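Following: one structure in structure tokens, then a few remarks.
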Amino acid sequence: MRAVAKKVTTFGEKINLNQLRPFKNHPVECLVLNEREAKLCAALNIKTIGHLAETPVNKALTLRNLWYRSVESLMSKLAQFVSNWHDVEADFLKTPFTEILQKMARFVPEKERVFFIRRYFYGETLSEIGKDYGLTREAVRQKLLKAKKSLQTPNWEKLVNQYLEKHIIPLFKDEKGKILAREEIIKRLQTEFGNALPVACATFILFEQLYFSDKNTEIAKIVRIGRKLLEKMVKRAFDAQYRRACRQGEIGKKIRMLRRLHGWTQEQLAKKLSCARITVNMWEKGKSIPKGKNIEKLAQVFGVPKEALVMG
């Protein structure tokens, strides 16, 4: 490991730091650290992914009782995290939404642009965006409302309609112009958007809110159908991850690791979640599984995306 360290000066040296821009302020726990990795980050006072990428490896090697494989695994997880994100970005860049969203982003006022991009380019939730900027979910929503207001003009509505007719509507119709069966539409959407399903879902929501919420045209109906199907597809993808994590007993391990990282007892965590200590104990032992709102509460309390709790 020491030989490797001489060649690599920072944890993120082999990664283009510009690629980290969208999530450089995300908590390092998003990498789903094990206990040794978490202790290493705590010893180096590393709290964000961007900080980890810029931290010199030699600084880690000066620590006593260092488990050298933790350095290697952290570097590997960081690289994998960036790679996974760019898989999503690559899929998005292939989608028909890319061009229209880029035009929209340039038209949005500069103060609201970053929020617009993170919500509709990267499909991040309001809570995730707000966390990075120290804003509440409602404050982010207000900024997005301002951004959307700048796009609610007849010219933009016409442009979006034309764009949908050319690129999106064909996904929902057969050769005779009839709307396809639900299963066939889902197949086409999956093929078209791939890993970028959350981004596509956010974009359908955007278009519906901007131009089609009070209309009953054919395009409006198709946008509503697409939004509903994409919401179900995104939820199904998360549920599949969740079930896999349940089978492997991963969720309990993640809860225990994150709790210890924060230095909380089971009782303290239970108080933050408004549940009984025995409930947390059962989760950590894998004897029961947090569901629904509890997953969201855990993610919020730990400051990580809920996906981080269920990733296998």
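Simple scheme: letters A, B, ... for chains in structure tokens order, numbers from 1 for residues in each chain, numbers from 1 for ligands in the order shown.
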
Residues near Arg119 in chain A, cut-off 10 Å, only C-alpha atoms, skip fewer than 5 positions along chain, as a PDB file with N, CA and C atoms, in the first residue's frame:
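Resulting contents of out17.pdb:
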```pdb
ATOM      1  N   ARG A 113     -30.466  29.218 -11.381  1.00  0.00           N
ATOM      2  CA  ARG A 113     -30.049  28.242 -12.395  1.00  0.00           C
ATOM      3  C   ARG A 113     -29.488  26.960 -11.787  1.00  0.00           C
ATOM      4  N   VAL A 114     -28.650  27.094 -10.770  1.00  0.00           N
ATOM      5  CA  VAL A 114     -28.024  25.909 -10.189  1.00  0.00           C
ATOM      6  C   VAL A 114     -29.075  24.980  -9.583  1.00  0.00           C
ATOM      7  N   GLU A 124     -32.138  15.355  -8.570  1.00  0.00           N
ATOM      8  CA  GLU A 124     -31.988  15.369  -7.117  1.00  0.00           C
ATOM      9  C   GLU A 124     -33.271  15.867  -6.452  1.00  0.00           C
ATOM     10  N   THR A 125     -33.520  15.401  -5.241  1.00  0.00           N
ATOM     11  CA  THR A 125     -34.707  15.833  -4.513  1.00  0.00           C
ATOM     12  C   THR A 125     -34.485  17.222  -3.922  1.00  0.00           C
ATOM     13  N   LEU A 126     -35.576  17.860  -3.518  1.00  0.00           N
ATOM     14  CA  LEU A 126     -35.466  19.190  -2.911  1.00  0.00           C
ATOM     15  C   LEU A 126     -34.643  19.129  -1.624  1.00  0.00           C
ATOM     16  N   GLU A 128     -32.220  16.987  -0.863  1.00  0.00           N
ATOM     17  CA  GLU A 128     -30.802  16.787  -1.184  1.00  0.00           C
ATOM     18  C   GLU A 128     -30.153  18.103  -1.608  1.00  0.00           C
ATOM     19  N   ILE A 129     -30.871  18.870  -2.417  1.00  0.00           N
ATOM     20  CA  ILE A 129     -30.332  20.158  -2.870  1.00  0.00           C
ATOM     21  C   ILE A 129     -30.209  21.119  -1.692  1.00  0.00           C
ATOM     22  N   VAL A 140     -35.931  25.808  -1.238  1.00  0.00           N
ATOM     23  CA  VAL A 140     -35.525  25.312  -2.560  1.00  0.00           C
ATOM     24  C   VAL A 140     -36.727  25.326  -3.502  1.00  0.00           C
ATOM     25  N   LEU A 144     -37.136  27.201  -7.155  1.00  0.00           N
ATOM     26  CA  LEU A 144     -37.543  26.498  -8.375  1.00  0.00           C
ATOM     27  C   LEU A 144     -38.802  27.123  -8.978  1.00  0.00           C
ATOM     28  N   PRO A 198     -34.822   8.707 -13.014  1.00  0.00           N
ATOM     29  CA  PRO A 198     -35.214   9.785 -12.093  1.00  0.00           C
ATOM     30  C   PRO A 198     -35.181  11.165 -12.750  1.00  0.00           C
ATOM     31  N   VAL A 199     -34.210  11.366 -13.641  1.00  0.00           N
ATOM     32  CA  VAL A 199     -34.108  12.644 -14.349  1.00  0.00           C
ATOM     33  C   VAL A 199     -35.295  12.809 -15.295  1.00  0.00           C
ATOM     34  N   ALA A 202     -38.391  13.643 -13.290  1.00  0.00           N
ATOM     35  CA  ALA A 202     -38.389  15.046 -12.858  1.00  0.00           C
ATOM     36  C   ALA A 202     -38.738  15.974 -14.018  1.00  0.00           C
ATOM     37  N   THR A 203     -38.286  15.621 -15.221  1.00  0.00           N
ATOM     38  CA  THR A 203     -38.550  16.465 -16.391  1.00  0.00           C
ATOM     39  C   THR A 203     -40.020  16.401 -16.796  1.00  0.00           C
ATOM     40  N   LEU A 206     -41.817  18.556 -14.469  1.00  0.00           N
ATOM     41  CA  LEU A 206     -41.588  19.959 -14.831  1.00  0.00           C
ATOM     42  C   LEU A 206     -42.515  20.387 -15.965  1.00  0.00           C
TER      43      LEU A 206
END
```

At most 12 Å is the cut-off: for each residue in range 202-286 of chain A with any atom that close to an atom of range 40-61 of chain A, write down the nearest atom pair and the distance in Å rounded to one decimal, counting only C-alpha atoms, chain first then increasing number, as a Markdown table.
```
| residue | atom | partner | partner_atom | distance |
| --- | --- | --- | --- | --- |
| A:Arg260 | CA | A:Ala42 | CA | 11.3 |
| A:Leu261 | CA | A:Ala42 | CA | 8.0 |
| A:His262 | CA | A:Ala42 | CA | 9.8 |
| A:Gly263 | CA | A:Ala42 | CA | 10.9 |
```

Residue nearest Ala38 in chain A among A:Lys173, A:Ala200, A:Asn155, A:Val71 (counting only C-alpha atoms):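 Of all the options, A:Val71 lies closest to Ala38 in chain A.
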
Expressed in Å, the length from CA of Val223 in chain A to CA of Phe207 in chain A is 7.7 Å

What lies within 12 Å of range 175-182 of chain A using only C-alpha atoms, ignoring chain neighbours under 6 positions off, as a VMD selection string? chain A and resid 165 169 188 to 189 218 to 219 221 to 222 225 to 226 228 to 230 232 to 233

Residue subset to file, keeping C-alpha atoms, as a tab-separated table (two decimals), in the first residue's frame:
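result-v1.tsv written:
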```tsv
chain	number	residue	atom	x	y	z
A	165	GLU	CA	-44.30	15.90	-30.54
A	169	ILE	CA	-44.84	11.33	-28.24
A	188	ARG	CA	-39.74	1.90	-24.37
A	189	LEU	CA	-39.19	4.32	-21.51
A	218	GLU	CA	-53.54	14.71	-26.35
A	219	ILE	CA	-50.02	15.86	-25.49
A	221	LYS	CA	-52.65	13.32	-21.50
A	222	ILE	CA	-49.46	11.64	-22.70
A	225	ILE	CA	-49.32	9.11	-18.43
A	226	GLY	CA	-45.54	9.36	-18.77
A	228	LYS	CA	-47.24	8.47	-13.60
A	229	LEU	CA	-45.43	5.55	-15.24
A	230	LEU	CA	-41.99	7.02	-14.57
A	232	LYS	CA	-43.84	4.00	-10.57
A	233	MET	CA	-40.71	2.84	-12.40
```

Atomic separation - CA of Lys111 in chain A relative to CA of Lys146 in chain A, Å
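One can read the CA of Lys146 in chain A to CA of Lys111 in chain A distance as 9.6 Å.
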